[in-house]
Amino acid sequence: MNIFNMTFPALEDYFTERGENKAKAKIVYNHIYRQVGELSENVNKMLKADFDFGNVEILKTSSCLDAVKFLFGLEDDSTVEAVLMRHDYGNALCVSTQVGCNMDCAFCQSGVNKKTRGLHSFEMVLQLLKAEESTGEKISRVTLMGIGEPLDNFDNVMDFISIIGHKHGLALAPRHITISTCGLPKLDELYNISCNLAISLHAPNNSIRSRLMPVNKVYDVERIINFTREYSKVKNKKITLEYVMLAGINDSDECAYELVVLIRGINCYVNLIPYNETSLDFKRSSSDRIKSFYSILIQSGIRATVRREFGGELKAACGQLSSERAQCADKERT
Ligand code: SF4
């Protein structure tokens with residue numbers, strides 16, 4: 001067992017099953033996540049006997065002014081990446097949830113390597129703790145937008161959110177945690193949690209979306225939009241619709257008007273993402289094209305933003321993360 005895999009209730013059960021007071025779970029959480037208080041000799045002994053504490057190692061960091069990219073090595077020798085972004089309002093960490101990804105989005109470098117497995121919760125928790133330790137900076141927000149589709153690793157992702165959100169641990173508020181998904185049947189289970197939700201739409205119709213995202217054959221534009229309308233109403237929450245701007249594919253004025261009709265009246269906003277070019281065969285829309293698309297949305301009463309870019313030169317931006325160990329050929333260790 002890894003201690004960072006333990007949700008608070010699971011840790012309470014661990015102590016109860018051994019005839020100990022379950023209040024020890026609070027002491028342990030405070031100690032490992034807040035460096036508050038000391039562990040008794042007895043608890044220390046129990047934890048050392050029953051738990052691992054590590055198994056995620058920073059293999060490489062690359063930084064620029066507003067971002068730091070981490071390459072993490074996992075115990076089975078696979079690797080994932082995470083990116084710390086420095087906003088005016090605090091630091092956010094974009095966390096990976098799987099080794100590789102099976103969703104096969106045509107424009108995404110992260111999905112070039114097929115999924116080999118979902119990350120354990122502790123491997124997500126340790127991305128956060130190691131990033132804080134390495135930079136000495138507090139992380140106040142988490143987005144699950146790194147390598148992998150979070151809903152394809154549902155149970156471990158839910159445990160991760162429970163662990164980092166617990167009041168005796170890191171206490172990240174649900175409004176500071178964002179799940180980003182391309183849309184899978186598991187979407188319906190998100191009614192039970194309170195995090196922010198970002199859905200990768202990327203197209204105003206099925207013909208373009210199917211070309212970009214094979215998942216559209218299972219969860220198509222109508223299902224996404226119906227879900228978004230219903231979910232935002234029931235949860236009284238604004239949903240983010242992600243829309244990557246791909247030159248000549250989904251960035252025309254016609255696409256913008258089609259999008260307006262599609263989402264009018266839904267409590268959502270559109271996050272336009274200037275594409276970060278990779279070795280894949282897609283080009284970024286020009287600034288003028290993005291401006292024109294954005295203006296059509298705004299003038300039609302649709303809330304929209306153009307995403308601020310972080311870490312482009314680090315190949316740390318959306319869709320550029322990779323789990324290739326080869327990129328760490330120089331084995332530069334921190
Ligand atoms: S965009 Fe997200 S879901 Fe699609 S292939 Fe990339 S990592 Fe997977």
# chains A, B, ... in the order shown; residues from 1 in each chain; ligands from 1
>>> residues_around(residues="A:Val306", least_positions_apart="6", cutoff="12 Å", atoms="only C-alpha atoms", output="PyMOL selection string")
chain A and resi 241-245+269-275+287+289-295+297-298
>>> write_last_selection(atoms="N, CA and C atoms", output="tab-separated table (two decimals), in the first residue's frame")
chain	number	residue	atom	x	y	z
A	241	LEU	N	-16.51	24.83	-22.23
A	241	LEU	CA	-16.40	24.04	-23.45
A	241	LEU	C	-15.07	24.38	-24.10
A	242	GLU	N	-14.20	23.39	-24.18
A	242	GLU	CA	-12.87	23.62	-24.77
A	242	GLU	C	-12.98	23.54	-26.29
A	243	TYR	N	-12.30	24.46	-26.96
A	243	TYR	CA	-12.38	24.49	-28.42
A	243	TYR	C	-11.00	24.85	-28.96
A	244	VAL	N	-10.27	23.84	-29.43
A	244	VAL	CA	-8.93	24.08	-29.95
A	244	VAL	C	-9.05	24.64	-31.37
A	245	MET	N	-8.30	25.69	-31.66
A	245	MET	CA	-8.44	26.37	-32.95
A	245	MET	C	-7.46	25.79	-33.97
A	269	TYR	N	-19.20	28.61	-20.95
A	269	TYR	CA	-18.39	29.54	-21.74
A	269	TYR	C	-17.42	28.74	-22.60
A	270	VAL	N	-17.02	29.36	-23.69
A	270	VAL	CA	-16.16	28.67	-24.65
A	270	VAL	C	-14.73	29.15	-24.43
A	271	ASN	N	-13.85	28.19	-24.24
A	271	ASN	CA	-12.44	28.49	-24.06
A	271	ASN	C	-11.73	28.18	-25.37
A	272	LEU	N	-11.39	29.22	-26.12
A	272	LEU	CA	-10.72	29.01	-27.40
A	272	LEU	C	-9.22	28.79	-27.14
A	273	ILE	N	-8.71	27.69	-27.64
A	273	ILE	CA	-7.31	27.32	-27.36
A	273	ILE	C	-6.49	27.43	-28.64
A	274	PRO	N	-5.60	28.42	-28.71
A	274	PRO	CA	-4.71	28.47	-29.88
A	274	PRO	C	-3.91	27.16	-29.91
A	275	TYR	N	-3.94	26.47	-31.05
A	275	TYR	CA	-3.30	25.15	-31.13
A	275	TYR	C	-1.79	25.27	-30.98
A	287	SER	N	-3.89	34.55	-35.74
A	287	SER	CA	-4.47	35.40	-34.69
A	287	SER	C	-5.72	36.08	-35.21
A	289	ARG	N	-7.85	34.98	-37.39
A	289	ARG	CA	-8.94	34.00	-37.44
A	289	ARG	C	-9.53	33.80	-36.03
A	290	ILE	N	-8.61	33.69	-35.06
A	290	ILE	CA	-9.08	33.48	-33.68
A	290	ILE	C	-9.89	34.69	-33.23
A	291	LYS	N	-9.39	35.90	-33.57
A	291	LYS	CA	-10.10	37.13	-33.19
A	291	LYS	C	-11.49	37.16	-33.80
A	292	SER	N	-11.57	36.80	-35.07
A	292	SER	CA	-12.86	36.84	-35.76
A	292	SER	C	-13.84	35.84	-35.14
A	293	PHE	N	-13.35	34.63	-34.86
A	293	PHE	CA	-14.18	33.58	-34.25
A	293	PHE	C	-14.68	34.05	-32.88
A	294	TYR	N	-13.75	34.59	-32.12
A	294	TYR	CA	-14.06	35.08	-30.77
A	294	TYR	C	-15.12	36.19	-30.84
A	295	SER	N	-14.92	37.13	-31.79
A	295	SER	CA	-15.86	38.25	-31.90
A	295	SER	C	-17.27	37.77	-32.22
A	297	LEU	N	-18.63	34.97	-31.40
A	297	LEU	CA	-19.22	34.40	-30.17
A	297	LEU	C	-19.68	35.51	-29.24
A	298	ILE	N	-18.79	36.48	-29.00
A	298	ILE	CA	-19.11	37.54	-28.04
A	298	ILE	C	-20.30	38.37	-28.54
>>> residues_around(residues="A:Lys138", least_positions_apart="3", cutoff="10 Å", atoms="only C-alpha atoms", output="MDAnalysis selection string")
chainID A and resid 90:92 128:129 131:133 135 141
>>> select_by_dssp(residues="stretch 8-244 of chain A", states="alpha helix (DSSP H)", output="PyMOL selection string")
chain A and resi 8-17+24-34+41-50+121-135+154-165+206-212+221-235
>>> residues_near_ligand(ligand="ligand 1", cutoff="9 Å", atoms="only C-alpha atoms and all ligand atoms", output="number ranges by chain")
A: 96, 98, 100-115, 145-150, 180-183, 200, 213, 215, 318-321
>>> residues_around(residues="A:Ala247", least_positions_apart="6", cutoff="6 Å", atoms="only C-alpha atoms", output="ChimeraX atom specification")
/A:283-285
>>> residues_around(residues="A:His120", least_positions_apart="2", cutoff="9 Å", atoms="only C-alpha atoms", output="ChimeraX atom specification")
/A:5,97-98,118,122-125,153,156-157,160
>>> residues_around(residues="stretch 11-20 of chain A", least_positions_apart="5", cutoff="12 Å", atoms="only C-alpha atoms", output="ChimeraX atom specification")
/A:1-6,25-29,42-43,46-47,50-51,163
>>> closest_residue(among="A:Ser78, A:Ile161, A:Leu59, A:Gly265", to="A:Arg175", atoms="only C-alpha atoms")
A:Ile161
>>> closest_residue(among="A:Leu74, A:Tyr191, A:Arg117, A:Ala304", to="A:Tyr231", atoms="only C-alpha atoms")
A:Tyr191
>>> select_by_dssp(residues="stretch 159-285 of chain A", states="strand (DSSP E)", output="ChimeraX atom specification")
/A:177-181,196-200,239-245,268-274
